[in-house]
file run.txt (compact mmCIF, N, CA and C atoms and all ligand atoms)
# COMPACT_ATOMS: atom_id res chain seq x y z
N MET S 53 38.10 -3.72 12.80
CA MET S 53 37.68 -2.58 13.61
C MET S 53 36.17 -2.42 13.61
N THR S 54 35.47 -3.26 12.88
CA THR S 54 34.04 -3.06 12.76
C THR S 54 33.24 -3.93 13.72
N SER S 55 33.86 -4.98 14.27
CA SER S 55 33.09 -5.81 15.18
C SER S 55 33.44 -5.46 16.62
N PHE S 56 32.48 -5.62 17.48
CA PHE S 56 32.67 -5.26 18.88
C PHE S 56 32.50 -6.51 19.73
N PRO S 57 33.57 -7.03 20.27
CA PRO S 57 33.45 -8.24 21.09
C PRO S 57 32.71 -7.91 22.38
N THR S 58 31.91 -8.82 22.83
CA THR S 58 31.28 -8.65 24.13
C THR S 58 32.18 -9.30 25.16
N GLU S 59 31.83 -9.14 26.40
CA GLU S 59 32.62 -9.73 27.47
C GLU S 59 32.78 -11.23 27.29
N HIS S 60 31.79 -11.84 26.67
CA HIS S 60 31.77 -13.31 26.64
C HIS S 60 32.06 -13.90 25.26
N SER S 61 32.31 -13.05 24.27
CA SER S 61 32.62 -13.62 22.97
C SER S 61 34.01 -14.25 23.02
N GLU S 62 34.18 -15.34 22.35
CA GLU S 62 35.42 -16.08 22.44
C GLU S 62 36.37 -15.66 21.32
N PRO S 63 37.57 -15.23 21.65
CA PRO S 63 38.52 -14.84 20.60
C PRO S 63 39.11 -16.07 19.90
N PRO S 64 39.70 -15.89 18.72
CA PRO S 64 40.34 -17.01 18.01
C PRO S 64 41.40 -17.69 18.85
N VAL S 65 42.20 -16.92 19.58
CA VAL S 65 43.17 -17.50 20.50
C VAL S 65 42.57 -17.42 21.90
N PHE S 66 42.06 -18.53 22.38
CA PHE S 66 41.36 -18.52 23.67
C PHE S 66 42.15 -19.26 24.73
N LYS S 67 42.38 -18.61 25.85
CA LYS S 67 43.01 -19.27 27.01
C LYS S 67 42.26 -18.83 28.25
N THR S 68 42.24 -19.68 29.24
CA THR S 68 41.59 -19.31 30.50
C THR S 68 42.48 -18.33 31.26
N ASP S 69 41.88 -17.67 32.22
CA ASP S 69 42.64 -16.76 33.06
C ASP S 69 43.83 -17.46 33.72
N ASP S 70 43.61 -18.69 34.14
CA ASP S 70 44.69 -19.44 34.78
C ASP S 70 45.84 -19.68 33.81
N GLN S 71 45.50 -19.99 32.56
CA GLN S 71 46.55 -20.21 31.56
C GLN S 71 47.33 -18.93 31.30
N TRP S 72 46.59 -17.81 31.12
CA TRP S 72 47.29 -16.54 30.89
C TRP S 72 48.19 -16.20 32.07
N ARG S 73 47.68 -16.42 33.27
CA ARG S 73 48.44 -16.09 34.47
C ARG S 73 49.72 -16.92 34.57
N ALA S 74 49.64 -18.16 34.09
CA ALA S 74 50.81 -19.04 34.12
C ALA S 74 51.83 -18.63 33.06
N GLU S 75 51.35 -18.08 31.93
CA GLU S 75 52.24 -17.77 30.81
C GLU S 75 52.87 -16.39 30.91
N LEU S 76 52.15 -15.43 31.46
CA LEU S 76 52.61 -14.05 31.42
C LEU S 76 53.18 -13.62 32.77
N PRO S 77 54.30 -12.89 32.74
CA PRO S 77 54.80 -12.30 33.98
C PRO S 77 53.73 -11.35 34.55
N PRO S 78 53.71 -11.15 35.87
CA PRO S 78 52.64 -10.35 36.48
C PRO S 78 52.41 -8.98 35.85
N ALA S 79 53.49 -8.28 35.51
CA ALA S 79 53.33 -6.93 34.94
C ALA S 79 52.62 -6.99 33.59
N GLU S 80 52.96 -8.01 32.79
CA GLU S 80 52.31 -8.16 31.49
C GLU S 80 50.85 -8.60 31.68
N TYR S 81 50.63 -9.49 32.62
CA TYR S 81 49.27 -9.98 32.88
C TYR S 81 48.36 -8.81 33.28
N SER S 82 48.83 -7.94 34.13
CA SER S 82 47.94 -6.89 34.62
C SER S 82 47.56 -5.91 33.51
N VAL S 83 48.43 -5.69 32.54
CA VAL S 83 48.08 -4.80 31.43
C VAL S 83 47.25 -5.56 30.39
N LEU S 84 47.79 -6.69 29.93
CA LEU S 84 47.15 -7.42 28.83
C LEU S 84 45.80 -8.01 29.23
N ARG S 85 45.71 -8.56 30.42
CA ARG S 85 44.49 -9.28 30.80
C ARG S 85 43.61 -8.52 31.76
N GLU S 86 44.12 -7.50 32.43
CA GLU S 86 43.31 -6.75 33.38
C GLU S 86 43.14 -5.29 32.99
N GLY S 87 43.72 -4.89 31.86
CA GLY S 87 43.50 -3.54 31.36
C GLY S 87 44.24 -2.45 32.09
N ALA S 88 45.29 -2.80 32.81
CA ALA S 88 46.08 -1.76 33.49
C ALA S 88 46.84 -0.93 32.44
N THR S 89 47.36 0.20 32.89
CA THR S 89 48.15 1.07 32.01
C THR S 89 49.53 1.24 32.61
N GLU S 90 50.56 1.03 31.79
CA GLU S 90 51.92 1.20 32.30
C GLU S 90 52.19 2.70 32.50
N ALA S 91 53.15 2.98 33.35
CA ALA S 91 53.49 4.37 33.62
C ALA S 91 54.01 5.05 32.35
N PRO S 92 53.68 6.33 32.14
CA PRO S 92 54.15 7.03 30.94
C PRO S 92 55.66 7.19 30.95
N TYR S 93 56.26 7.28 29.76
CA TYR S 93 57.69 7.50 29.55
C TYR S 93 58.56 6.37 30.12
N ARG S 94 57.96 5.25 30.46
CA ARG S 94 58.73 4.14 31.01
C ARG S 94 58.86 3.01 30.00
N GLY S 95 57.90 2.90 29.11
CA GLY S 95 57.85 1.76 28.21
C GLY S 95 59.05 1.72 27.28
N GLU S 96 59.46 0.51 26.93
CA GLU S 96 60.68 0.36 26.14
C GLU S 96 60.53 0.83 24.70
N PHE S 97 59.29 1.01 24.20
CA PHE S 97 59.13 1.37 22.79
C PHE S 97 58.66 2.80 22.55
N THR S 98 58.50 3.57 23.63
CA THR S 98 57.97 4.92 23.47
C THR S 98 58.79 5.72 22.45
N ASP S 99 60.11 5.67 22.58
CA ASP S 99 60.96 6.42 21.67
C ASP S 99 61.72 5.53 20.70
N ASN S 100 61.16 4.36 20.44
CA ASN S 100 61.80 3.46 19.48
C ASN S 100 61.54 3.95 18.06
N HIS S 101 62.61 4.30 17.33
CA HIS S 101 62.46 4.77 15.96
C HIS S 101 62.96 3.76 14.94
N ARG S 102 63.27 2.55 15.41
CA ARG S 102 63.75 1.55 14.47
C ARG S 102 62.61 1.04 13.59
N GLN S 103 62.99 0.52 12.44
CA GLN S 103 62.01 -0.03 11.51
C GLN S 103 61.65 -1.44 11.89
N GLY S 104 60.37 -1.74 11.90
CA GLY S 104 59.99 -3.09 12.21
C GLY S 104 58.52 -3.23 12.49
N VAL S 105 58.17 -4.38 13.04
CA VAL S 105 56.77 -4.73 13.27
C VAL S 105 56.56 -5.02 14.76
N TYR S 106 55.46 -4.52 15.28
CA TYR S 106 55.08 -4.75 16.67
C TYR S 106 54.00 -5.82 16.71
N SER S 107 54.19 -6.80 17.57
CA SER S 107 53.21 -7.87 17.68
C SER S 107 52.72 -8.00 19.12
N CYS S 108 51.64 -8.74 19.28
CA CYS S 108 51.00 -8.91 20.58
C CYS S 108 51.88 -9.76 21.49
N ARG S 109 52.16 -9.28 22.69
CA ARG S 109 53.03 -10.02 23.59
C ARG S 109 52.33 -11.26 24.15
N ALA S 110 51.01 -11.28 24.09
CA ALA S 110 50.27 -12.43 24.61
C ALA S 110 50.18 -13.55 23.58
N CYS S 111 49.88 -13.21 22.31
CA CYS S 111 49.62 -14.28 21.34
C CYS S 111 50.51 -14.22 20.10
N GLY S 112 51.25 -13.14 19.90
CA GLY S 112 52.16 -13.06 18.77
C GLY S 112 51.59 -12.49 17.49
N ALA S 113 50.31 -12.13 17.48
CA ALA S 113 49.70 -11.57 16.26
C ALA S 113 50.34 -10.21 15.94
N GLU S 114 50.58 -9.94 14.66
CA GLU S 114 51.16 -8.67 14.26
C GLU S 114 50.11 -7.57 14.39
N LEU S 115 50.50 -6.45 14.98
CA LEU S 115 49.53 -5.41 15.32
C LEU S 115 49.80 -4.07 14.66
N PHE S 116 51.05 -3.60 14.77
CA PHE S 116 51.40 -2.26 14.29
C PHE S 116 52.75 -2.30 13.60
N ARG S 117 53.00 -1.27 12.75
CA ARG S 117 54.29 -1.16 12.07
C ARG S 117 54.94 0.17 12.42
N SER S 118 56.25 0.19 12.27
CA SER S 118 56.99 1.43 12.52
C SER S 118 56.57 2.53 11.53
N THR S 119 56.06 2.15 10.37
CA THR S 119 55.69 3.16 9.37
C THR S 119 54.47 3.98 9.80
N GLU S 120 53.69 3.47 10.74
CA GLU S 120 52.53 4.23 11.23
C GLU S 120 52.77 4.79 12.64
N LYS S 121 54.00 4.64 13.14
CA LYS S 121 54.31 5.17 14.48
C LYS S 121 54.68 6.63 14.34
N PHE S 122 54.29 7.44 15.30
CA PHE S 122 54.67 8.85 15.26
C PHE S 122 54.97 9.35 16.67
N ASP S 123 55.67 10.49 16.73
CA ASP S 123 56.07 11.04 18.02
C ASP S 123 54.95 11.91 18.57
N SER S 124 54.18 11.33 19.49
CA SER S 124 53.06 12.08 20.07
C SER S 124 53.47 12.83 21.33
N HIS S 125 54.63 12.45 21.89
CA HIS S 125 55.11 13.04 23.15
C HIS S 125 54.11 12.87 24.28
N CYS S 126 53.31 11.82 24.22
CA CYS S 126 52.32 11.57 25.27
C CYS S 126 52.85 10.58 26.30
N GLY S 127 54.00 9.96 26.03
CA GLY S 127 54.58 9.06 27.01
C GLY S 127 54.39 7.59 26.70
N TRP S 128 53.59 7.30 25.65
CA TRP S 128 53.40 5.90 25.25
C TRP S 128 53.63 5.80 23.74
N PRO S 129 53.98 4.62 23.25
CA PRO S 129 54.09 4.44 21.80
C PRO S 129 52.75 4.80 21.14
N SER S 130 52.82 5.56 20.06
CA SER S 130 51.60 6.03 19.39
C SER S 130 51.66 5.71 17.92
N PHE S 131 50.53 5.26 17.40
CA PHE S 131 50.41 4.90 15.99
C PHE S 131 49.17 5.58 15.44
N PHE S 132 49.21 5.95 14.15
CA PHE S 132 48.00 6.56 13.60
C PHE S 132 47.10 5.55 12.91
N SER S 133 47.57 4.31 12.82
CA SER S 133 46.76 3.26 12.21
C SER S 133 47.33 1.91 12.62
N PRO S 134 46.46 0.89 12.78
CA PRO S 134 46.99 -0.46 12.99
C PRO S 134 47.57 -1.01 11.70
N LEU S 135 48.28 -2.12 11.80
CA LEU S 135 48.91 -2.77 10.65
C LEU S 135 47.86 -3.09 9.59
N ALA S 136 46.72 -3.61 10.01
CA ALA S 136 45.60 -3.86 9.11
C ALA S 136 44.32 -3.59 9.88
N GLY S 137 43.24 -3.36 9.16
CA GLY S 137 41.99 -2.99 9.82
C GLY S 137 41.49 -4.06 10.77
N ASP S 138 41.86 -5.31 10.50
CA ASP S 138 41.36 -6.38 11.37
C ASP S 138 42.41 -6.86 12.37
N SER S 139 43.49 -6.10 12.55
CA SER S 139 44.52 -6.47 13.53
C SER S 139 44.04 -6.25 14.95
N VAL S 140 43.23 -5.22 15.12
CA VAL S 140 42.78 -4.86 16.46
C VAL S 140 41.26 -4.69 16.46
N LEU S 141 40.68 -4.77 17.63
CA LEU S 141 39.26 -4.49 17.83
C LEU S 141 39.16 -3.30 18.77
N GLU S 142 38.09 -2.55 18.61
CA GLU S 142 37.90 -1.39 19.47
C GLU S 142 36.58 -1.53 20.20
N ARG S 143 36.59 -1.20 21.48
CA ARG S 143 35.34 -1.24 22.23
C ARG S 143 35.29 -0.10 23.23
N VAL S 144 34.07 0.36 23.47
CA VAL S 144 33.89 1.52 24.34
C VAL S 144 34.19 1.13 25.78
N ASP S 145 34.98 1.95 26.44
CA ASP S 145 35.43 1.73 27.81
C ASP S 145 34.96 2.94 28.63
N THR S 146 34.11 2.69 29.63
CA THR S 146 33.62 3.79 30.45
C THR S 146 34.22 3.77 31.85
N ALA S 147 35.30 3.00 32.03
CA ALA S 147 35.98 2.97 33.33
C ALA S 147 36.50 4.37 33.66
N LEU S 148 36.67 4.64 34.93
CA LEU S 148 37.20 5.92 35.42
C LEU S 148 36.28 7.09 35.08
N GLY S 149 35.00 6.79 34.73
CA GLY S 149 34.05 7.86 34.46
C GLY S 149 34.29 8.60 33.16
N MET S 150 35.14 8.05 32.30
CA MET S 150 35.41 8.69 31.01
C MET S 150 34.95 7.76 29.90
N ARG S 151 34.52 8.33 28.81
CA ARG S 151 34.20 7.50 27.67
C ARG S 151 35.44 7.44 26.78
N ARG S 152 36.09 6.28 26.77
CA ARG S 152 37.27 6.10 25.93
C ARG S 152 37.04 4.88 25.06
N VAL S 153 37.84 4.75 24.04
CA VAL S 153 37.73 3.58 23.17
C VAL S 153 38.95 2.70 23.42
N GLU S 154 38.68 1.52 23.94
CA GLU S 154 39.74 0.57 24.25
C GLU S 154 40.17 -0.16 22.98
N VAL S 155 41.46 -0.45 22.87
CA VAL S 155 41.99 -1.21 21.75
C VAL S 155 42.46 -2.56 22.27
N VAL S 156 41.93 -3.64 21.68
CA VAL S 156 42.36 -4.98 22.08
C VAL S 156 42.86 -5.74 20.86
N CYS S 157 43.71 -6.73 21.10
CA CYS S 157 44.21 -7.61 20.05
C CYS S 157 43.03 -8.39 19.46
N ALA S 158 42.91 -8.40 18.14
CA ALA S 158 41.79 -9.11 17.51
C ALA S 158 41.89 -10.61 17.71
N SER S 159 43.11 -11.11 17.88
CA SER S 159 43.30 -12.56 17.97
C SER S 159 43.03 -13.12 19.36
N CYS S 160 43.44 -12.40 20.41
CA CYS S 160 43.30 -12.96 21.76
C CYS S 160 42.55 -12.04 22.71
N HIS S 161 42.11 -10.88 22.21
CA HIS S 161 41.35 -9.90 22.99
C HIS S 161 42.12 -9.37 24.19
N SER S 162 43.43 -9.43 24.16
CA SER S 162 44.21 -8.82 25.23
C SER S 162 44.20 -7.30 25.08
N HIS S 163 44.24 -6.62 26.22
CA HIS S 163 44.22 -5.16 26.24
C HIS S 163 45.54 -4.59 25.71
N LEU S 164 45.44 -3.63 24.80
CA LEU S 164 46.64 -3.00 24.24
C LEU S 164 46.76 -1.54 24.68
N GLY S 165 45.64 -0.83 24.68
CA GLY S 165 45.66 0.59 25.02
C GLY S 165 44.35 1.22 24.63
N HIS S 166 44.40 2.49 24.22
CA HIS S 166 43.18 3.20 23.82
C HIS S 166 43.46 3.96 22.53
N VAL S 167 42.38 4.32 21.82
CA VAL S 167 42.54 5.13 20.61
C VAL S 167 41.78 6.44 20.80
N PHE S 168 42.45 7.52 20.43
CA PHE S 168 41.88 8.86 20.57
C PHE S 168 41.84 9.51 19.18
N SER S 169 40.84 10.34 18.96
CA SER S 169 40.71 10.96 17.64
C SER S 169 40.58 12.48 17.77
N GLY S 170 40.89 13.15 16.66
CA GLY S 170 40.67 14.58 16.58
C GLY S 170 41.57 15.41 17.48
N GLU S 171 42.78 14.96 17.72
CA GLU S 171 43.70 15.70 18.58
C GLU S 171 44.59 16.67 17.81
N GLY S 172 44.51 16.60 16.48
CA GLY S 172 45.26 17.54 15.66
C GLY S 172 46.73 17.24 15.52
N TYR S 173 47.10 15.98 15.53
CA TYR S 173 48.51 15.63 15.37
C TYR S 173 49.00 15.76 13.93
N GLY S 174 48.08 15.94 13.00
CA GLY S 174 48.51 16.11 11.61
C GLY S 174 48.91 14.83 10.93
N THR S 175 48.50 13.71 11.47
CA THR S 175 48.77 12.42 10.83
C THR S 175 47.66 12.15 9.80
N PRO S 176 47.85 11.18 8.93
CA PRO S 176 46.85 10.92 7.88
C PRO S 176 45.45 10.60 8.41
N THR S 177 45.35 10.04 9.60
CA THR S 177 44.03 9.62 10.12
C THR S 177 43.51 10.51 11.25
N ASP S 178 44.38 11.33 11.84
CA ASP S 178 44.06 12.09 13.04
C ASP S 178 43.60 11.18 14.18
N LEU S 179 44.11 9.96 14.17
CA LEU S 179 43.86 9.02 15.27
C LEU S 179 45.18 8.82 16.02
N ARG S 180 45.08 8.53 17.30
CA ARG S 180 46.27 8.17 18.08
C ARG S 180 45.98 6.88 18.82
N TYR S 181 46.56 5.80 18.33
CA TYR S 181 46.50 4.53 19.04
C TYR S 181 47.59 4.58 20.09
N CYS S 182 47.17 4.75 21.33
CA CYS S 182 48.08 4.94 22.45
C CYS S 182 48.24 3.57 23.12
N ILE S 183 49.39 2.95 22.90
CA ILE S 183 49.55 1.52 23.20
C ILE S 183 50.64 1.30 24.25
N ASN S 184 50.38 0.43 25.19
CA ASN S 184 51.38 0.09 26.20
C ASN S 184 52.53 -0.70 25.56
N SER S 185 53.76 -0.27 25.85
CA SER S 185 54.92 -1.02 25.34
C SER S 185 54.88 -2.47 25.80
N ILE S 186 54.44 -2.65 27.04
CA ILE S 186 54.49 -3.98 27.65
C ILE S 186 53.49 -4.93 26.99
N SER S 187 52.57 -4.40 26.19
CA SER S 187 51.61 -5.25 25.47
C SER S 187 52.19 -5.79 24.17
N MET S 188 53.39 -5.30 23.79
CA MET S 188 53.91 -5.63 22.47
C MET S 188 55.33 -6.17 22.52
N ARG S 189 55.67 -6.91 21.45
CA ARG S 189 57.05 -7.26 21.14
C ARG S 189 57.41 -6.54 19.85
N PHE S 190 58.70 -6.28 19.68
CA PHE S 190 59.16 -5.58 18.48
C PHE S 190 60.15 -6.45 17.73
N ASP S 191 59.91 -6.60 16.45
CA ASP S 191 60.84 -7.32 15.59
C ASP S 191 61.40 -6.35 14.58
N GLU S 192 62.71 -6.14 14.67
CA GLU S 192 63.34 -5.20 13.76
C GLU S 192 63.42 -5.81 12.36
N GLY S 193 63.22 -4.94 11.37
CA GLY S 193 63.31 -5.41 9.99
C GLY S 193 62.45 -4.52 9.11
N ALA S 194 62.31 -4.91 7.87
CA ALA S 194 61.49 -4.14 6.95
C ALA S 194 60.07 -4.14 7.49
N ALA S 195 59.42 -2.98 7.43
CA ALA S 195 58.11 -2.85 8.04
C ALA S 195 56.97 -3.24 7.10
N ASP S 196 57.32 -3.66 5.88
CA ASP S 196 56.20 -4.01 5.00
C ASP S 196 56.50 -5.25 4.16
ZN ZN S 201 47.00 -11.12 21.01
call {"tool": "encode", "arguments": {"input": "run.txt", "output": "structure tokens"}}
result
Amino acid sequence: MTSFPTEHSEPPVFKTDDQWRAELPPAEYSVLREGATEAPYRGEFTDNHRQGVYSCRACGAELFRSTEKFDSHCGWPSFFSPLAGDSVLERVDTALGMRRVEVVCASCHSHLGHVFSGEGYGTPTDLRYCINSISMRFDEGAAD
């Protein structure tokens, strides 16, 4: 979470746009590679309360655990912390005229969602990692 990738820095898992486009279905490509946001309350993991680990749908890196997921009622899966500090990278996003902090996969720099702070959810970090379901896969099992 301490390094900020630039537009041109190369992630550990590097593929060209053409490769990503060939591998990912269009809906996944538009979120993961173009930063789109899925519609709220539609994602398959928003109300998933099963125990397990969420990984990047583009590259398979483990990102979040069920133990840090909480019910934010915002319409997207929400976590108060990533699986590990180096699982994700955060970068400032000023699209749409708002200053938001974008969350990307540390391994392949695919777009996951945004992180918001100070909303008063009463979680240990007071952070809300608001993540698109379509950016992740879920593997049921022990979360640690
Ligand atoms: Zn990834």
call {"tool": "select_by_dssp", "arguments": {"input": "run.txt", "residues": "chain S", "states": "strand (DSSP E or B)", "output": "PyMOL selection string"}}
result
chain S and resi 104-108+114-117+121-122+130-131+140-145+152-157+163-169+179-183+188-192
call {"tool": "residues_near_ligand", "arguments": {"input": "run.txt", "ligand": "ligand ZN 201 (chain S)", "cutoff": "12 Å", "atoms": "only C-alpha atoms and all ligand atoms", "output": "PyMOL selection string"}}
result
chain S and resi 63-67+72+84-85+106-116+139-141+155-164+187-189
call {"tool": "residues_around", "arguments": {"input": "run.txt", "residues": "Thr119 of chain S", "least_positions_apart": "6", "cutoff": "10 Å", "atoms": "only C-alpha atoms", "output": "PyMOL selection string"}}
result
chain S and resi 101-105+131-133+135+194-196
call {"tool": "write_last_selection", "arguments": {"input": "run.txt", "atoms": "N, CA and C atoms", "output": "compact mmCIF listing (two decimals), in the frame of the given file"}}
result
# COMPACT_ATOMS: atom_id res chain seq x y z
N HIS S 101 62.61 4.30 17.33
CA HIS S 101 62.46 4.77 15.96
C HIS S 101 62.96 3.76 14.94
N ARG S 102 63.27 2.55 15.41
CA ARG S 102 63.75 1.55 14.47
C ARG S 102 62.61 1.04 13.59
N GLN S 103 62.99 0.52 12.44
CA GLN S 103 62.01 -0.03 11.51
C GLN S 103 61.65 -1.44 11.89
N GLY S 104 60.37 -1.74 11.90
CA GLY S 104 59.99 -3.09 12.21
C GLY S 104 58.52 -3.23 12.49
N VAL S 105 58.17 -4.38 13.04
CA VAL S 105 56.77 -4.73 13.27
C VAL S 105 56.56 -5.02 14.76
N PHE S 131 50.53 5.26 17.40
CA PHE S 131 50.41 4.90 15.99
C PHE S 131 49.17 5.58 15.44
N PHE S 132 49.21 5.95 14.15
CA PHE S 132 48.00 6.56 13.60
C PHE S 132 47.10 5.55 12.91
N SER S 133 47.57 4.31 12.82
CA SER S 133 46.76 3.26 12.21
C SER S 133 47.33 1.91 12.62
N LEU S 135 48.28 -2.12 11.80
CA LEU S 135 48.91 -2.77 10.65
C LEU S 135 47.86 -3.09 9.59
N ALA S 194 62.31 -4.91 7.87
CA ALA S 194 61.49 -4.14 6.95
C ALA S 194 60.07 -4.14 7.49
N ALA S 195 59.42 -2.98 7.43
CA ALA S 195 58.11 -2.85 8.04
C ALA S 195 56.97 -3.24 7.10
N ASP S 196 57.32 -3.66 5.88
CA ASP S 196 56.20 -4.01 5.00
C ASP S 196 56.50 -5.25 4.16
call {"tool": "atom_distance", "arguments": {"input": "run.txt", "atom1": "atom N of Glu120 of chain S", "atom2": "atom N of Gly87 of chain S"}}
result
24.8 Å
call {"tool": "closest_residue", "arguments": {"input": "run.txt", "among": "S:Arg94, S:His125, S:Arg73, S:Arg143", "to": "Ser185 of chain S", "atoms": "only C-alpha atoms"}}
result
S:Arg94
call {"tool": "select_by_dssp", "arguments": {"input": "run.txt", "residues": "segment 77-195 of chain S", "states": "alpha helix (DSSP H)", "output": "VMD selection string"}}
result
chain S and resid 78 to 84
call {"tool": "closest_residue", "arguments": {"input": "run.txt", "among": "S:Asn184, S:Asp138, S:Phe190, S:Ala147", "to": "Ala79 of chain S", "atoms": "only C-alpha atoms"}}
result
S:Asn184
call {"tool": "closest_residue", "arguments": {"input": "run.txt", "among": "S:Thr146, S:Thr89, S:Ser118, S:Asn100", "to": "Gly165 of chain S", "atoms": "only N, CA and C atoms"}}
result
S:Thr89
call {"tool": "atom_distance", "arguments": {"input": "run.txt", "atom1": "atom CA of Cys182 of chain S", "atom2": "atom CA of Cys126 of chain S"}}
result
8.4 Å
call {"tool": "atom_distance", "arguments": {"input": "run.txt", "atom1": "atom N of Pro92 of chain S", "atom2": "atom C of Gly137 of chain S"}}
result
26.7 Å
call {"tool": "residues_around", "arguments": {"input": "run.txt", "residues": "Ser124 of chain S", "least_positions_apart": "3", "cutoff": "10 Å", "atoms": "only C-alpha atoms", "output": "list in words"}}
result
Thr98, Asp99, Lys121, Gly127, Trp128, Pro129, Ser130, Phe131, Phe132, Tyr173, Arg180 and Cys182 of chain S
call {"tool": "closest_residue", "arguments": {"input": "run.txt", "among": "S:Val167, S:Ile186, S:Val83, S:Leu76", "to": "Val153 of chain S", "atoms": "only C-alpha atoms"}}
result
S:Val167
